[in-house]
>>> print(open('my_file30.cif').read())   # mmCIF, C-alpha atoms and all ligand atoms
data_work
#
loop_
_atom_site.label_atom_id
_atom_site.label_comp_id
_atom_site.auth_asym_id
_atom_site.auth_seq_id
_atom_site.Cartn_x
_atom_site.Cartn_y
_atom_site.Cartn_z
CA MET K 716 -71.52 -6.57 39.78
CA SER K 717 -69.04 -8.62 41.83
CA SER K 718 -69.55 -9.29 45.52
CA TYR K 719 -67.84 -10.93 48.47
CA PHE K 720 -69.70 -13.39 50.68
CA VAL K 721 -67.83 -13.79 53.92
CA ALA K 722 -68.95 -16.33 56.49
CA PRO K 723 -67.97 -15.91 60.13
CA SER K 724 -64.60 -17.65 60.40
CA LYS K 725 -63.62 -16.57 63.94
CA GLU K 726 -59.88 -16.96 63.56
CA ILE K 727 -56.97 -16.08 61.30
CA SER K 728 -53.52 -17.56 61.67
CA GLY K 729 -50.17 -17.65 59.91
CA GLU K 730 -48.41 -14.86 58.07
CA VAL K 731 -48.79 -12.80 54.90
CA THR K 732 -46.74 -10.65 52.56
CA VAL K 733 -48.73 -7.84 50.95
CA PRO K 734 -48.21 -6.33 47.46
CA GLY K 735 -46.09 -3.26 46.77
CA ASP K 736 -46.88 0.25 47.94
CA LYS K 737 -49.32 2.12 45.70
CA SER K 738 -48.05 5.64 46.43
CA ILE K 739 -44.44 4.64 45.85
CA SER K 740 -45.23 2.67 42.67
CA HIS K 741 -46.95 5.71 41.08
CA ARG K 742 -44.02 7.95 41.95
CA ALA K 743 -41.40 5.48 40.69
CA LEU K 744 -43.02 5.47 37.24
CA MET K 745 -43.38 9.24 37.08
CA LEU K 746 -39.87 10.11 38.24
CA GLY K 747 -38.41 7.26 36.18
CA ALA K 748 -40.11 8.73 33.10
CA LEU K 749 -38.67 12.20 33.80
CA ALA K 750 -35.17 10.94 34.57
CA SER K 751 -32.23 10.63 32.22
CA GLY K 752 -31.38 6.94 31.79
CA THR K 753 -33.02 3.64 32.66
CA THR K 754 -34.89 3.23 35.94
CA HIS K 755 -35.46 -0.28 37.33
CA VAL K 756 -38.37 -0.82 39.70
CA GLU K 757 -38.99 -4.00 41.66
CA GLY K 758 -41.92 -4.80 43.93
CA PHE K 759 -44.11 -2.59 41.70
CA LEU K 760 -47.83 -2.80 42.55
CA GLU K 761 -49.61 -4.29 39.57
CA GLY K 762 -52.95 -2.90 40.68
CA GLU K 763 -55.27 -1.00 38.35
CA ASP K 764 -54.37 2.41 39.80
CA CYS K 765 -50.65 2.07 39.10
CA LEU K 766 -51.34 0.43 35.74
CA ALA K 767 -53.32 3.57 34.83
CA THR K 768 -50.20 5.61 35.58
CA LEU K 769 -48.10 3.16 33.55
CA LYS K 770 -50.44 3.55 30.57
CA ALA K 771 -50.42 7.33 30.89
CA VAL K 772 -46.63 7.44 31.01
CA ALA K 773 -46.54 5.29 27.87
CA SER K 774 -49.03 7.65 26.15
CA LEU K 775 -46.55 10.47 26.82
CA GLY K 776 -43.98 8.67 24.68
CA VAL K 777 -42.06 6.83 27.40
CA THR K 778 -41.04 3.19 26.86
CA VAL K 779 -41.99 1.03 29.83
CA ASP K 780 -41.25 -2.72 29.95
CA ARG K 781 -42.47 -5.31 32.43
CA PRO K 782 -39.93 -8.15 32.16
CA ALA K 783 -41.28 -10.12 35.13
CA PRO K 784 -44.07 -9.84 37.74
CA GLY K 785 -43.46 -6.74 39.87
CA GLU K 786 -40.57 -5.59 37.69
CA VAL K 787 -40.76 -2.46 35.59
CA VAL K 788 -38.08 -0.86 33.45
CA VAL K 789 -38.62 2.78 32.48
CA GLN K 790 -36.57 4.39 29.71
CA GLY K 791 -36.52 7.94 31.05
CA VAL K 792 -36.90 10.70 28.46
CA GLY K 793 -35.52 13.54 30.58
CA LEU K 794 -37.27 16.51 32.15
CA ARG K 795 -38.35 17.97 28.80
CA GLY K 796 -38.86 14.74 26.84
CA PHE K 797 -42.60 13.95 27.04
CA SER K 798 -44.52 13.98 23.78
CA ALA K 799 -48.18 14.96 23.33
CA PRO K 800 -50.70 12.17 24.02
CA GLN K 801 -53.21 11.25 21.29
CA ASP K 802 -56.23 11.20 23.59
CA ALA K 803 -57.43 12.19 27.04
CA LEU K 804 -55.42 10.40 29.74
CA ASP K 805 -57.66 8.05 31.75
CA MET K 806 -56.63 7.77 35.39
CA GLY K 807 -59.34 5.22 36.28
CA ASN K 808 -59.97 5.27 40.03
CA ALA K 809 -56.58 6.80 40.88
CA GLY K 810 -56.71 10.18 42.61
CA THR K 811 -52.96 10.11 43.16
CA ALA K 812 -52.32 9.62 39.44
CA MET K 813 -54.61 12.46 38.42
CA ARG K 814 -53.31 14.98 40.93
CA LEU K 815 -49.63 14.21 40.44
CA PHE K 816 -50.00 14.27 36.65
CA MET K 817 -51.58 17.73 36.93
CA GLY K 818 -48.26 18.89 38.41
CA LEU K 819 -46.25 17.16 35.70
CA LEU K 820 -48.36 18.11 32.71
CA CYS K 821 -48.93 21.80 33.47
CA ALA K 822 -45.27 22.42 32.61
CA GLN K 823 -45.36 20.73 29.18
CA SER K 824 -45.49 22.42 25.79
CA PHE K 825 -48.64 20.49 24.74
CA ASP K 826 -52.27 20.46 25.90
CA SER K 827 -53.68 17.53 27.86
CA VAL K 828 -56.96 16.36 29.35
CA LEU K 829 -57.31 14.12 32.41
CA VAL K 830 -60.39 11.98 33.06
CA GLY K 831 -61.24 9.07 35.36
CA ASP K 832 -63.94 6.65 36.46
CA GLU K 833 -67.26 7.65 38.03
CA SER K 834 -65.73 8.02 41.50
CA LEU K 835 -62.70 10.04 40.36
CA MET K 836 -64.90 12.35 38.23
CA ARG K 837 -66.60 13.43 41.48
CA ARG K 838 -63.41 14.28 43.41
CA PRO K 839 -62.09 17.79 44.08
CA MET K 840 -59.24 18.97 41.84
CA GLU K 841 -59.17 22.71 42.55
CA ARG K 842 -56.99 22.09 45.62
CA VAL K 843 -54.27 21.21 43.10
CA ALA K 844 -55.27 23.51 40.22
CA LYS K 845 -55.22 26.64 42.40
CA PRO K 846 -51.56 26.53 43.52
CA LEU K 847 -50.48 25.37 40.05
CA ARG K 848 -52.20 28.45 38.57
CA GLU K 849 -50.26 30.56 41.06
CA MET K 850 -47.14 29.04 39.52
CA GLY K 851 -48.34 30.19 36.08
CA ALA K 852 -50.13 27.05 34.85
CA SER K 853 -53.22 27.22 32.67
CA ILE K 854 -55.68 24.63 34.07
CA SER K 855 -59.44 24.36 34.15
CA THR K 856 -61.74 21.99 35.99
CA GLN K 857 -65.49 21.48 35.69
CA ASP K 858 -67.15 22.77 38.86
CA GLY K 859 -63.90 21.95 40.63
CA LYS K 860 -63.86 18.35 39.35
CA PRO K 861 -62.47 16.46 36.34
CA PRO K 862 -62.18 16.59 33.42
CA VAL K 863 -59.03 18.59 34.05
CA ARG K 864 -57.93 20.53 30.98
CA ILE K 865 -54.36 21.74 30.84
CA SER K 866 -53.06 24.17 28.20
CA GLY K 867 -49.44 23.68 27.32
CA GLY K 868 -46.75 26.29 26.91
CA ALA K 869 -46.98 27.90 30.35
CA ARG K 870 -43.79 29.20 31.94
CA LEU K 871 -43.84 28.20 35.58
CA LYS K 872 -42.22 30.05 38.44
CA GLY K 873 -41.51 28.71 41.90
CA ILE K 874 -43.90 29.80 44.67
CA ARG K 875 -44.14 29.67 48.42
CA TYR K 876 -47.39 27.87 49.17
CA ALA K 877 -49.07 27.24 52.53
CA MET K 878 -51.47 24.34 51.95
CA PRO K 879 -54.91 24.80 53.50
CA VAL K 880 -55.46 20.99 53.67
CA ALA K 881 -52.97 18.34 54.76
CA SER K 882 -52.61 16.46 51.47
CA ALA K 883 -49.59 14.60 50.15
CA GLN K 884 -51.12 14.67 46.69
CA VAL K 885 -51.32 18.47 46.65
CA LYS K 886 -47.79 18.76 48.07
CA SER K 887 -46.48 16.31 45.49
CA ALA K 888 -48.19 17.99 42.53
CA ILE K 889 -46.63 21.33 43.47
CA LEU K 890 -43.17 19.77 43.92
CA LEU K 891 -43.42 18.00 40.54
CA ALA K 892 -44.42 21.27 38.87
CA GLY K 893 -41.51 22.86 40.74
CA LEU K 894 -39.11 20.57 38.86
CA HIS K 895 -39.90 22.65 35.77
CA ALA K 896 -40.26 26.05 37.41
CA GLU K 897 -37.93 28.99 37.46
CA GLY K 898 -36.69 29.52 41.00
CA VAL K 899 -37.28 27.71 44.26
CA THR K 900 -40.61 26.08 45.23
CA THR K 901 -41.58 25.94 48.90
CA VAL K 902 -44.60 24.09 50.31
CA THR K 903 -45.71 24.26 53.93
CA GLU K 904 -48.14 21.65 55.19
CA PRO K 905 -50.55 22.19 58.08
CA ALA K 906 -49.79 18.67 59.38
CA VAL K 907 -47.23 16.07 58.38
CA THR K 908 -48.30 13.96 55.36
CA ARG K 909 -46.59 11.07 53.60
CA ASP K 910 -43.19 12.12 52.30
CA HIS K 911 -42.57 9.54 49.56
CA THR K 912 -42.19 12.22 46.87
CA GLU K 913 -39.47 14.01 48.83
CA ARG K 914 -37.59 10.78 49.56
CA MET K 915 -37.81 9.59 45.98
CA LEU K 916 -36.81 12.94 44.47
CA GLN K 917 -33.66 12.71 46.58
CA ALA K 918 -33.05 9.18 45.31
CA PHE K 919 -33.20 10.61 41.77
CA GLY K 920 -30.57 13.20 42.71
CA CYS K 921 -32.82 16.23 43.23
CA GLU K 922 -32.13 18.69 46.01
CA VAL K 923 -35.14 18.69 48.35
CA ALA K 924 -34.98 19.85 51.94
CA ALA K 925 -37.70 19.23 54.51
CA ARG K 926 -37.72 21.06 57.84
CA GLY K 927 -40.46 21.90 60.30
CA GLY K 928 -43.32 21.12 57.94
CA THR K 929 -41.81 23.03 55.02
CA VAL K 930 -40.39 21.37 51.92
CA THR K 931 -38.08 23.31 49.61
CA LEU K 932 -37.17 22.18 46.10
CA HIS K 933 -34.43 23.64 43.91
CA PRO K 934 -35.18 22.78 40.27
CA PRO K 935 -32.53 20.34 39.06
CA ALA K 936 -30.83 20.39 35.66
CA ARG K 937 -31.81 16.71 35.37
CA LEU K 938 -32.98 13.71 37.36
CA GLU K 939 -30.69 10.68 37.41
CA ALA K 940 -32.26 7.27 36.76
CA ALA K 941 -32.42 5.07 39.87
CA ARG K 942 -33.09 1.55 41.14
CA ILE K 943 -36.25 1.57 43.21
CA ALA K 944 -37.33 -1.31 45.45
CA VAL K 945 -40.94 -0.83 46.49
CA PRO K 946 -41.82 -2.02 50.01
CA GLY K 947 -45.09 -3.77 50.92
CA ASP K 948 -47.97 -1.31 51.19
CA PHE K 949 -48.75 -0.39 54.80
CA SER K 950 -52.30 0.47 53.72
CA SER K 951 -52.80 -3.08 52.42
CA ALA K 952 -51.12 -4.53 55.52
CA ALA K 953 -53.65 -2.55 57.59
CA PHE K 954 -56.46 -5.01 56.77
CA PHE K 955 -54.40 -7.90 58.12
CA ILE K 956 -53.22 -5.89 61.12
CA VAL K 957 -56.82 -5.22 62.11
CA ALA K 958 -57.86 -8.78 61.19
CA ALA K 959 -55.16 -10.13 63.50
CA CYS K 960 -56.10 -7.71 66.29
CA ILE K 961 -59.70 -8.97 66.25
CA GLY K 962 -59.25 -12.54 65.05
CA ALA K 963 -55.83 -14.07 65.83
CA ARG K 964 -55.29 -16.40 68.79
CA THR K 965 -51.58 -16.81 68.15
CA PRO K 966 -48.99 -14.26 66.91
CA PHE K 967 -49.68 -13.21 63.32
CA THR K 968 -47.01 -11.63 61.10
CA ILE K 969 -47.19 -9.32 58.09
CA ARG K 970 -43.79 -9.36 56.38
CA GLY K 971 -41.84 -6.69 54.48
CA VAL K 972 -44.11 -3.73 55.14
CA GLY K 973 -43.16 -0.09 54.52
CA VAL K 974 -43.17 1.57 57.93
CA ASN K 975 -42.42 5.15 56.93
CA PRO K 976 -43.54 7.08 60.04
CA THR K 977 -45.72 9.36 57.88
CA ARG K 978 -47.89 6.29 57.15
CA THR K 979 -48.10 4.30 60.37
CA GLY K 980 -50.58 6.32 62.48
CA LEU K 981 -52.82 3.21 62.59
CA LEU K 982 -50.24 1.40 64.74
CA GLU K 983 -50.37 4.17 67.33
CA MET K 984 -54.18 4.28 67.23
CA LEU K 985 -54.45 0.53 67.77
CA ALA K 986 -51.80 0.63 70.51
CA LEU K 987 -53.90 3.26 72.31
CA MET K 988 -56.75 0.74 72.14
CA GLY K 989 -54.58 -1.87 73.83
CA ALA K 990 -53.37 -3.81 70.78
CA ASP K 991 -50.09 -5.72 71.12
CA LEU K 992 -48.07 -4.79 68.00
CA ARG K 993 -44.36 -5.23 67.46
CA LEU K 994 -42.14 -4.08 64.61
CA ILE K 995 -39.34 -6.57 64.04
CA ASN K 996 -36.54 -7.13 61.49
CA HIS K 997 -36.11 -3.43 60.75
CA ARG K 998 -34.34 -2.80 57.46
CA SER K 999 -34.45 -0.29 54.64
CA CYS K 1000 -35.74 -0.59 51.12
CA GLY K 1001 -33.94 2.20 49.26
CA ALA K 1002 -35.11 5.45 50.81
CA GLU K 1003 -37.91 3.83 52.81
CA PRO K 1004 -37.89 1.96 56.15
CA VAL K 1005 -39.31 -1.58 56.18
CA ALA K 1006 -40.15 -4.05 58.95
CA ASP K 1007 -42.22 -7.12 59.74
CA ILE K 1008 -45.28 -6.39 61.87
CA GLU K 1009 -46.20 -8.93 64.52
CA VAL K 1010 -49.65 -8.81 66.08
CA ARG K 1011 -50.41 -10.70 69.31
CA PRO K 1012 -53.84 -11.32 70.78
CA ALA K 1013 -55.09 -8.53 73.05
CA ARG K 1014 -58.40 -6.96 74.06
CA LEU K 1015 -59.26 -3.65 72.39
CA ARG K 1016 -60.81 -0.72 74.26
CA GLY K 1017 -62.53 2.26 72.64
CA VAL K 1018 -60.50 5.47 72.37
CA ARG K 1019 -60.74 9.11 71.39
CA VAL K 1020 -58.32 9.31 68.44
CA PRO K 1021 -55.83 12.20 68.74
CA GLU K 1022 -56.38 14.47 65.73
CA ARG K 1023 -52.65 14.70 65.05
CA LEU K 1024 -52.75 11.02 63.99
CA VAL K 1025 -55.44 11.53 61.33
CA PRO K 1026 -53.17 12.48 58.37
CA LEU K 1027 -50.77 9.68 59.35
CA ALA K 1028 -53.55 7.10 59.03
CA ILE K 1029 -55.72 8.76 56.40
CA ASP K 1030 -56.29 5.63 54.29
CA GLU K 1031 -56.63 3.29 57.26
CA PHE K 1032 -59.88 4.61 58.78
CA PRO K 1033 -62.19 2.09 57.10
CA ALA K 1034 -60.17 -0.74 58.69
CA PHE K 1035 -59.80 1.19 61.95
CA PHE K 1036 -63.59 1.68 62.19
CA VAL K 1037 -63.95 -2.12 62.12
CA ALA K 1038 -61.43 -2.42 64.98
CA ALA K 1039 -63.47 0.21 66.86
CA ALA K 1040 -66.66 -1.80 66.30
CA CYS K 1041 -64.93 -4.78 67.95
CA ALA K 1042 -63.55 -2.79 70.90
CA GLU K 1043 -65.09 -2.48 74.34
CA GLY K 1044 -66.76 0.91 74.70
CA GLU K 1045 -66.92 3.95 72.50
CA THR K 1046 -64.43 5.25 69.90
CA VAL K 1047 -64.52 8.81 68.61
CA VAL K 1048 -62.76 10.08 65.48
CA SER K 1049 -62.74 13.83 64.77
CA GLY K 1050 -60.79 16.17 62.51
CA ALA K 1051 -61.19 13.65 59.68
CA GLU K 1052 -63.40 15.56 57.20
CA GLU K 1053 -60.94 14.61 54.41
CA LEU K 1054 -62.44 11.10 54.58
CA ARG K 1055 -65.50 12.53 52.84
CA VAL K 1056 -63.58 13.14 49.59
CA LYS K 1057 -61.77 9.82 49.19
CA GLU K 1058 -62.78 7.10 46.70
CA SER K 1059 -66.16 7.33 48.48
CA ASP K 1060 -67.42 9.42 51.40
CA ARG K 1061 -65.77 7.04 53.85
CA ILE K 1062 -67.54 8.51 56.89
CA ALA K 1063 -71.03 8.01 55.44
CA VAL K 1064 -70.33 4.72 53.65
CA MET K 1065 -68.64 3.06 56.63
CA ALA K 1066 -71.32 4.36 59.02
CA ARG K 1067 -74.11 2.90 56.88
CA GLY K 1068 -72.29 -0.42 56.49
CA LEU K 1069 -71.66 -0.72 60.23
CA GLU K 1070 -75.30 0.15 60.93
CA ALA K 1071 -76.38 -2.60 58.50
CA LEU K 1072 -74.42 -5.04 60.68
CA GLY K 1073 -76.02 -3.74 63.88
CA VAL K 1074 -73.07 -1.60 65.03
CA HIS K 1075 -74.42 1.66 66.45
CA ASN K 1076 -72.65 4.80 65.41
CA GLU K 1077 -73.19 8.52 65.03
CA ILE K 1078 -72.01 10.44 61.98
CA ARG K 1079 -70.35 13.76 62.68
CA ALA K 1080 -69.33 16.42 60.16
CA ASP K 1081 -65.66 15.60 60.70
CA GLY K 1082 -65.72 12.02 61.93
CA LEU K 1083 -67.61 9.19 63.52
CA ARG K 1084 -68.54 7.90 66.98
CA ILE K 1085 -68.73 4.12 67.13
CA GLU K 1086 -70.13 1.97 69.93
CA GLY K 1087 -68.21 -1.27 70.14
CA GLY K 1088 -70.31 -4.41 70.52
CA PRO K 1089 -71.57 -7.49 68.74
CA ILE K 1090 -71.49 -7.55 64.93
CA GLY K 1091 -74.29 -9.21 63.00
CA GLY K 1092 -74.52 -10.42 59.43
CA GLY K 1093 -76.08 -8.42 56.61
CA VAL K 1094 -75.60 -6.69 53.29
CA VAL K 1095 -73.10 -3.88 52.92
CA GLU K 1096 -72.69 -1.49 49.97
CA THR K 1097 -69.12 -0.37 49.20
CA HIS K 1098 -70.00 2.36 46.68
CA GLY K 1099 -67.10 1.01 44.64
CA ASP K 1100 -64.58 1.78 47.38
CA HIS K 1101 -61.81 -0.85 47.60
CA ARG K 1102 -60.87 -0.10 51.19
CA VAL K 1103 -64.49 -0.27 52.37
CA ALA K 1104 -64.82 -3.71 50.71
CA MET K 1105 -61.70 -5.13 52.37
CA SER K 1106 -62.59 -3.66 55.77
CA PHE K 1107 -65.98 -5.37 55.88
CA ALA K 1108 -64.38 -8.65 54.78
CA VAL K 1109 -62.24 -8.41 57.92
CA ALA K 1110 -65.32 -7.57 60.05
CA ALA K 1111 -66.68 -11.03 59.23
CA LEU K 1112 -64.13 -12.46 61.69
CA ARG K 1113 -66.36 -11.19 64.49
CA ALA K 1114 -69.76 -11.41 62.80
CA SER K 1115 -72.50 -13.74 64.02
CA ALA K 1116 -73.76 -14.42 60.45
CA PRO K 1117 -72.42 -14.03 56.87
CA ILE K 1118 -71.72 -10.59 55.41
CA GLU K 1119 -72.47 -9.88 51.76
CA ILE K 1120 -70.27 -7.05 50.46
CA ARG K 1121 -71.50 -5.56 47.19
CA ASP K 1122 -69.44 -3.96 44.44
CA THR K 1123 -65.97 -5.30 45.18
CA ALA K 1124 -64.30 -5.14 41.74
CA ASN K 1125 -62.29 -2.06 42.74
CA VAL K 1126 -60.27 -4.09 45.26
CA ALA K 1127 -58.10 -4.70 42.18
CA THR K 1128 -57.14 -1.01 42.14
CA SER K 1129 -54.91 -1.40 45.19
CA PHE K 1130 -54.78 -5.04 46.29
CA PRO K 1131 -54.88 -7.65 43.53
CA GLY K 1132 -55.03 -11.07 45.16
CA PHE K 1133 -56.64 -9.85 48.38
CA ALA K 1134 -59.38 -12.49 48.39
CA ALA K 1135 -56.97 -15.43 47.91
CA LEU K 1136 -54.54 -14.07 50.51
CA ALA K 1137 -57.37 -13.55 53.01
CA ARG K 1138 -58.58 -17.12 52.43
CA SER K 1139 -55.06 -18.47 52.90
CA VAL K 1140 -55.02 -17.25 56.52
CA GLY K 1141 -58.52 -18.38 57.38
CA LEU K 1142 -61.13 -15.89 56.18
CA ALA K 1143 -64.15 -17.70 54.73
CA LEU K 1144 -64.38 -15.38 51.74
CA GLU K 1145 -66.11 -16.33 48.53
CA GLU K 1146 -66.18 -14.12 45.42
CA ARG K 1147 -69.28 -14.06 43.21
CA ALA K 1148 -69.62 -12.29 39.87
C1 LIG D 1201 -51.74 9.68 48.60
C2 LIG D 1201 -52.15 10.69 49.45
C3 LIG D 1201 -53.40 10.65 50.22
C4 LIG D 1201 -53.98 9.23 50.27
C5 LIG D 1201 -53.96 8.57 48.92
C6 LIG D 1201 -52.53 8.46 48.41
C7 LIG D 1201 -50.48 9.84 47.86
O1 LIG D 1201 -54.36 11.50 49.60
O2 LIG D 1201 -55.29 9.26 50.76
O3 LIG D 1201 -54.53 7.28 48.98
O4 LIG D 1201 -49.99 8.86 47.27
O5 LIG D 1201 -49.93 10.96 47.86
P1 LIG D 1201 -54.50 13.06 49.98
O6 LIG D 1201 -53.32 13.77 49.49
O7 LIG D 1201 -55.78 13.50 49.30
O8 LIG D 1201 -54.65 13.08 51.48
#
>>> encode(input="my_file30.cif", output="structure tokens")
Amino acid sequence: MSSYFVAPSKEISGEVTVPGDKSISHRALMLGALASGTTHVEGFLEGEDCLATLKAVASLGVTVDRPAPGEVVVQGVGLRGFSAPQDALDMGNAGTAMRLFMGLLCAQSFDSVLVGDESLMRRPMERVAKPLREMGASISTQDGKPPVRISGGARLKGIRYAMPVASAQVKSAILLAGLHAEGVTTVTEPAVTRDHTERMLQAFGCEVAARGGTVTLHPPARLEAARIAVPGDFSSAAFFIVAACIGARTPFTIRGVGVNPTRTGLLEMLALMGADLRLINHRSCGAEPVADIEVRPARLRGVRVPERLVPLAIDEFPAFFVAAACAEGETVVSGAEELRVKESDRIAVMARGLEALGVHNEIRADGLRIEGGPIGGGVVETHGDHRVAMSFAVAALRASAPIEIRDTANVATSFPGFAALARSVGLALEERA
């Protein structure tokens, strides 16, 4: 099992550019596969999650080439062009891949089975299966979890669906199924979630309207191939944003980051704590806004996180909890029960890890209360969760002794090269097999 050993390094300095956005990379492959014509993707995240999607797309009979690092060329087969895969499709650790493929595959003429790694096989899939069944799909799960078995040949019809949980994956699966449905599909979300699917569908020429929390899709005759430039992943930038907040003595810059407002709740949360964050060099990367993020030294104070920010920062809580541990006073997060069904139970796993480092906290059903204060050294278990691993690596900036972080191989699912990049700006991080 691989581990990180991170010695207290006290300071980071310089600047970084983070790899491409995971959510956008998955979607570029899927829509490129369904489009008519050749889709060119640059800035593609070559992490294990997106490579699982790439492999799955290829198993469905789509030709995908990778002419250079970060470049992918997809020969779209058209909305009805997938062919039956030989075997079960393995999504690895990627919840996004599994849930979005459920939407795509339930409209096909052939049967398919979706499986994943140990973590993914424990995650809830009925939240997607249920609305897809309402559309006419034939899907079964095992006690609500994978394997997901899909019977082909269903005729889908558009539905109006009010989502009980704020989930971009559920919303996206329904919209992708809606591409093949008869009639209009309408999804209403209880809180705003990331809108990459909507933006990218528009880039592929599909009519999608979003207003007041409701997204409406009119099934297109075809999707037109596109050129997609993938911005840097805000969720990967988050580790360096927090690292700079707690460990930079001079301005620190993260360049070329996607700053879609449905993703950047962490910036508002840290600003409430007193962080000095500036977005500079605003530009756009296709349908997505991009900027450089500059972090200046500032003292952090504990806060009560407004619940409306939770879905806008859903993947950033492991990193945010580390910022809270370094703040003066108490931080309270509530309304975040979704964290329990991510790659790990991120409330329990982060709480235990912080406790192991001497940071007092109290687990709540829907969140965590953290008392800011000194951080010690110790051994932390990630439970195979990439974001937990990277968050505790950042915590070492304020630790009084080394932190051993166990089970770090899954960092490669979202952030290949994290360890080297972290070292390049001053983290004393050593990887051991
Ligand atoms: C994602 C949506 C979120 C997020 C995940 C990526 C997406 O999941 O946590 O990492 O790409 O749509 P939920 O839809 O379960 O909130």
>>> residues_near_ligand(input="my_file30.cif", ligand="ligand LIG 1201 (chain D)", cutoff="6 Å", atoms="only C-alpha atoms and all ligand atoms", output="PyMOL selection string")
chain K and resi 738+811+882-885+1029-1030
>>> closest_residue(input="my_file30.cif", among="K:Met915, K:Val731, K:Ala892, K:Met988", to="Pro934 in chain K", atoms="only C-alpha atoms")
K:Ala892
>>> closest_residue(input="my_file30.cif", among="K:Lys737, K:Arg864, K:Lys725, K:Arg942", to="Gly752 in chain K", atoms="all atoms listed in the file")
K:Arg942
>>> residues_near_point(input="my_file30.cif", point="(-41.8, 20.9, 34.0)", cutoff="12 Å", atoms="all atoms listed in the file", output="PyMOL selection string")
chain K and resi 746+749-750+793-797+816-825+847+850-852+867-873+888-897+934-938
>>> residues_around(input="my_file30.cif", residues="Arg909 in chain K", least_positions_apart="5", cutoff="8 Å", atoms="only C-alpha atoms", output="JSON, numbers by chain")
{"K": [883, 975, 977, 978, 1027]}
>>> write_last_selection(input="my_file30.cif", atoms="C-alpha atoms", output="PDB file, keeping the file's coordinate frame")
ATOM      1  CA  ALA K 883     -49.590  14.600  50.150  1.00  0.00           C
ATOM      2  CA  ASN K 975     -42.420   5.150  56.930  1.00  0.00           C
ATOM      3  CA  THR K 977     -45.720   9.360  57.880  1.00  0.00           C
ATOM      4  CA  ARG K 978     -47.890   6.290  57.150  1.00  0.00           C
ATOM      5  CA  LEU K1027     -50.770   9.680  59.350  1.00  0.00           C
TER       6      LEU K1027
END
>>> axis_aligned_box(input="my_file30.cif", around="range 1129-1147 of chain K", padding_each_side="5 Å", output="lines of an AutoDock Vina configuration file")
center_x = -61.9
center_y = -9.9
center_z = 50.3
size_x = 24.7
size_y = 27.1
size_z = 24.2
>>> closest_residue(input="my_file30.cif", among="K:Cys960, K:Val1020, K:Met878, K:Ala767", to="Asp991 in chain K", atoms="all atoms listed in the file")
K:Cys960
>>> residues_around(input="my_file30.cif", residues="range 1097-1106 of chain K", least_positions_apart="6", cutoff="7 Å", atoms="only C-alpha atoms", output="number ranges by chain")
K: 954, 1033-1034, 1037, 1058-1059, 1064-1065, 1120-1123, 1125-1126
>>> closest_residue(input="my_file30.cif", among="K:Pro734, K:Gly1001, K:Pro966, K:Pro1021", to="Ala918 in chain K", atoms="only C-alpha atoms")
K:Gly1001
>>> residues_around(input="my_file30.cif", residues="range 1132-1136 of chain K", least_positions_apart="6", cutoff="10 Å", atoms="only C-alpha atoms", output="CSV table (one decimal) with C-alpha atoms, in the frame of the given file")
chain,number,residue,atom,x,y,z
K,719,TYR,CA,-67.8,-10.9,48.5
K,730,GLU,CA,-48.4,-14.9,58.1
K,731,VAL,CA,-48.8,-12.8,54.9
K,732,THR,CA,-46.7,-10.6,52.6
K,733,VAL,CA,-48.7,-7.8,51.0
K,734,PRO,CA,-48.2,-6.3,47.5
K,762,GLY,CA,-53.0,-2.9,40.7
K,951,SER,CA,-52.8,-3.1,52.4
K,954,PHE,CA,-56.5,-5.0,56.8
K,955,PHE,CA,-54.4,-7.9,58.1
K,1105,MET,CA,-61.7,-5.1,52.4
K,1108,ALA,CA,-64.4,-8.6,54.8
K,1126,VAL,CA,-60.3,-4.1,45.3
K,1142,LEU,CA,-61.1,-15.9,56.2
K,1143,ALA,CA,-64.2,-17.7,54.7
K,1144,LEU,CA,-64.4,-15.4,51.7
K,1145,GLU,CA,-66.1,-16.3,48.5
K,1146,GLU,CA,-66.2,-14.1,45.4
>>> residues_around(input="my_file30.cif", residues="Leu982 in chain K", least_positions_apart="2", cutoff="9 Å", atoms="only C-alpha atoms", output="PyMOL selection string")
chain K and resi 953+956+979-980+984-987+990+992+1028
>>> residues_around(input="my_file30.cif", residues="range 1006-1008 of chain K", least_positions_apart="5", cutoff="7 Å", atoms="all atoms listed in the file", output="list in words")
Thr968, Ile969, Arg970, Gly971, Val972, Gly973, Val974, Leu992, Arg993, Leu994, Ile995, Asn996, His997 and Arg998 of chain K
>>> closest_residue(input="my_file30.cif", among="K:Ser774, K:Thr754, K:Thr856, K:Asn1076", to="Gly1044 in chain K", atoms="only C-alpha atoms")
K:Asn1076
>>> closest_residue(input="my_file30.cif", among="K:Ser1139, K:Thr901, K:Thr929, K:Ser724", to="Val1109 in chain K", atoms="only C-alpha atoms")
K:Ser724
